[in-house]
$ cat input07.txt   # compact mmCIF, C-alpha atoms
# COMPACT_ATOMS: atom_id res chain seq x y z
CA MET A 1 -3.71 88.62 82.46
CA MET A 2 -5.74 90.52 85.06
CA SER A 3 -4.38 90.77 88.58
CA ASP A 4 -6.29 89.18 91.43
CA VAL A 5 -8.96 91.73 92.35
CA SER A 6 -11.41 91.20 95.15
CA ASN A 7 -13.52 94.22 94.13
CA VAL A 8 -15.57 92.88 91.22
CA VAL A 9 -18.99 93.58 89.79
CA GLY A 10 -20.20 90.51 88.00
CA ARG A 11 -17.13 89.31 86.11
CA VAL A 12 -15.55 92.68 85.33
CA PRO A 13 -12.61 93.56 87.62
CA LEU A 14 -12.55 97.17 88.77
CA VAL A 15 -9.30 99.09 88.51
CA LEU A 16 -10.54 102.05 90.58
CA ASP A 17 -12.55 102.06 93.75
CA GLU A 18 -15.06 104.82 94.41
CA ASP A 19 -12.68 106.92 96.51
CA GLU A 20 -10.00 106.83 93.79
CA ALA A 21 -12.54 107.68 91.10
CA LEU A 22 -13.88 110.59 93.18
CA GLU A 23 -10.36 111.92 93.71
CA LEU A 24 -9.77 111.93 89.96
CA LEU A 25 -13.20 113.46 89.35
CA ALA A 26 -12.44 116.23 91.86
CA TYR A 27 -9.11 116.93 90.18
CA LEU A 28 -10.72 117.15 86.73
CA VAL A 29 -13.54 119.45 87.87
CA THR A 30 -11.26 121.78 89.82
CA ALA A 31 -8.71 121.78 86.99
CA ALA A 32 -11.49 122.83 84.61
CA ARG A 33 -12.31 125.75 86.90
CA THR A 34 -8.67 126.69 87.37
CA GLN A 35 -8.13 126.59 83.62
CA VAL A 36 -10.63 129.43 83.14
CA ASP A 37 -8.18 131.80 84.83
CA GLU A 38 -4.94 130.29 83.53
CA ALA A 39 -3.15 130.56 80.24
CA ALA A 40 -4.37 128.04 77.66
CA GLU A 41 -0.92 126.40 77.68
CA TYR A 42 -1.73 124.84 81.06
CA GLY A 43 -4.60 122.76 79.66
CA PRO A 44 -2.42 119.93 78.30
CA MET A 45 -0.44 119.87 81.54
CA ARG A 46 -3.58 119.46 83.62
CA LEU A 47 -4.84 116.67 81.36
CA LEU A 48 -1.52 114.83 81.49
CA THR A 49 -1.44 115.19 85.28
CA ALA A 50 -4.90 113.62 85.44
CA ALA A 51 -3.82 110.84 83.08
CA ARG A 52 -0.79 110.13 85.27
CA ARG A 53 -2.93 110.05 88.41
CA LEU A 54 -5.30 107.63 86.72
CA GLY A 55 -2.37 105.53 85.52
CA ALA A 56 -0.85 105.37 88.99
CA ALA A 57 -4.19 104.33 90.47
CA ILE A 58 -4.90 101.57 87.97
CA ALA A 59 -1.39 100.16 87.47
CA PRO A 60 -1.43 97.81 90.48
CA ARG A 61 -4.74 96.24 89.39
CA ALA A 62 -4.45 96.44 85.61
CA SER A 63 -3.20 93.92 83.08
CA GLU A 64 0.57 93.70 82.70
CA SER A 65 0.53 95.50 79.35
CA THR A 66 -1.60 98.36 80.70
CA ALA A 67 0.63 98.67 83.76
CA GLN A 68 3.65 98.83 81.44
CA PHE A 69 2.03 101.60 79.38
CA VAL A 70 1.07 103.78 82.36
CA THR A 71 4.46 103.34 84.05
CA GLY A 72 6.43 103.71 80.80
CA PRO A 73 5.32 105.94 77.93
CA LEU A 74 2.74 107.83 80.02
CA VAL A 75 5.21 108.70 82.77
CA ALA A 76 7.85 109.62 80.17
CA ALA A 77 5.56 112.19 78.51
CA PRO A 78 6.51 115.81 79.15
CA GLU A 79 4.59 117.13 82.13
CA LEU A 80 5.23 120.83 81.79
CA ALA A 81 2.76 123.22 80.27
CA VAL A 82 3.14 123.69 76.53
CA PRO A 83 6.43 125.55 76.24
CA ARG A 84 6.58 128.88 74.42
CA ASP A 85 9.76 127.68 72.70
CA GLY A 86 9.91 124.18 71.32
CA ARG A 87 6.16 123.80 70.83
CA ASP A 88 6.70 121.57 67.78
CA GLU A 89 8.90 119.17 69.76
CA TYR A 90 6.35 119.14 72.59
CA ALA A 91 3.55 118.33 70.14
CA THR A 92 5.70 115.61 68.55
CA ARG A 93 6.22 113.96 71.95
CA LEU A 94 2.48 114.07 72.60
CA ASP A 95 1.87 112.58 69.13
CA GLU A 96 4.25 109.74 70.05
CA LEU A 97 2.35 109.18 73.29
CA CYS A 98 -0.94 109.06 71.36
CA ARG A 99 0.53 106.49 68.94
CA ALA A 100 1.78 104.38 71.86
CA LEU A 101 -1.65 104.54 73.48
CA GLY A 102 -3.34 103.62 70.20
CA ALA A 103 -1.05 100.61 69.81
CA HIS A 104 -1.75 99.55 73.39
CA LEU A 105 -5.52 99.90 72.95
CA THR A 106 -5.45 97.96 69.69
CA GLY A 107 -3.64 95.10 71.39
CA HIS A 108 -5.77 95.30 74.53
CA PHE A 109 -9.11 95.15 72.75
CA ALA A 110 -8.12 92.73 69.98
CA GLY A 111 -10.27 89.67 70.17
CA GLN A 112 -12.61 91.01 72.85
CA PRO A 113 -16.33 90.95 72.09
CA GLY A 114 -17.42 94.29 70.66
CA ALA A 115 -13.84 95.37 69.94
CA ALA A 116 -13.15 97.36 66.83
CA PRO A 117 -11.33 95.35 64.12

$ encode --input "input07.txt" --output "structure tokens"
Amino acid sequence: MMSDVSNVVGRVPLVLDEDEALELLAYLVTAARTQVDEAAEYGPMRLLTAARRLGAAIAPRASESTAQFVTGPLVAAPELAVPRDGRDEYATRLDELCRALGAHLTGHFAGQPGAAP
């Protein structure tokens, strides 16, 4: 069930306004530049930070199940850069997050026109 959104284009509710989208865009572009000079281990951290920012922005205007995903499994994911010790555990937690996202997407798009079976 979509929340009541006054900002619509046609029949598709928007979960980000232009200012929020530009803020995320700016973060992604500057993170890409910063990453050039940082250790590679910071890449996953920057991506997860962007995912959390996106999740926080869309949660109030998203479906209940999407809001639950971005305030639950996404927030629970480890935020630190890939640790030097415990890399396997870190990767396992990210794998679990990917599985949770896949399950959410499967449920979200099931039955929608053009959705994958």

$ closest_residue --input "input07.txt" --among "A:Gly107, A:Gly102, A:Arg93, A:Arg84" --to "A:Tyr42" --atoms "all atoms listed in the file"
A:Arg84

$ closest_residue --input "input07.txt" --among "A:Pro60, A:Gly72, A:Pro44, A:Gly55" --to "A:Ala91" --atoms "all atoms listed in the file"
A:Pro44

$ residues_around --input "input07.txt" --residues "A:Ser65" --least-positions-apart "5" --cutoff "12 Å" --atoms "all atoms listed in the file" --output "ChimeraX atom specification"
/A:1-3,58-60,70-73,100-101,103-109

$ atom_distance --input "input07.txt" --atom1 "atom CA of A:Ser63" --atom2 "atom CA of A:Asp95"
23.8 Å

$ atom_distance --input "input07.txt" --atom1 "atom CA of A:Ala81" --atom2 "atom CA of A:Ala50"
13.3 Å

$ atom_distance --input "input07.txt" --atom1 "atom CA of A:Arg52" --atom2 "atom CA of A:Val75"
6.7 Å

$ closest_residue --input "input07.txt" --among "A:Glu64, A:Glu23, A:Glu18, A:Glu41" --to "A:Tyr90" --atoms "only C-alpha atoms"
A:Glu41

$ closest_residue --input "input07.txt" --among "A:Gln35, A:Thr92, A:Gln68, A:Thr30" --to "A:Ala56" --atoms "all atoms listed in the file"
A:Gln68

$ residues_around --input "input07.txt" --residues "A:Leu48" --least-positions-apart "6" --cutoff "12 Å" --atoms "only C-alpha atoms" --output "short mmCIF file (atom, residue, chain, number, x, y, z; two decimals) with C-alpha atoms, in the frame of the given file"
data_model
loop_
_atom_site.label_atom_id
_atom_site.label_comp_id
_atom_site.auth_asym_id
_atom_site.auth_seq_id
_atom_site.Cartn_x
_atom_site.Cartn_y
_atom_site.Cartn_z
CA TYR A 27 -9.11 116.93 90.18
CA LEU A 28 -10.72 117.15 86.73
CA ALA A 31 -8.71 121.78 86.99
CA TYR A 42 -1.73 124.84 81.06
CA LEU A 54 -5.30 107.63 86.72
CA GLY A 55 -2.37 105.53 85.52
CA VAL A 70 1.07 103.78 82.36
CA PRO A 73 5.32 105.94 77.93
CA LEU A 74 2.74 107.83 80.02
CA VAL A 75 5.21 108.70 82.77
CA ALA A 76 7.85 109.62 80.17
CA ALA A 77 5.56 112.19 78.51
CA PRO A 78 6.51 115.81 79.15
CA GLU A 79 4.59 117.13 82.13
CA LEU A 80 5.23 120.83 81.79
CA ALA A 81 2.76 123.22 80.27
CA VAL A 82 3.14 123.69 76.53
CA LEU A 94 2.48 114.07 72.60
CA LEU A 97 2.35 109.18 73.29
CA CYS A 98 -0.94 109.06 71.36
#

$ axis_aligned_box --input "input07.txt" --around "stretch 27-43 of chain A" --padding-each-side "8 Å" --output "lines of an AutoDock Vina configuration file"
center_x = -7.2
center_y = 124.4
center_z = 83.9
size_x = 28.6
size_y = 30.9
size_z = 28.5
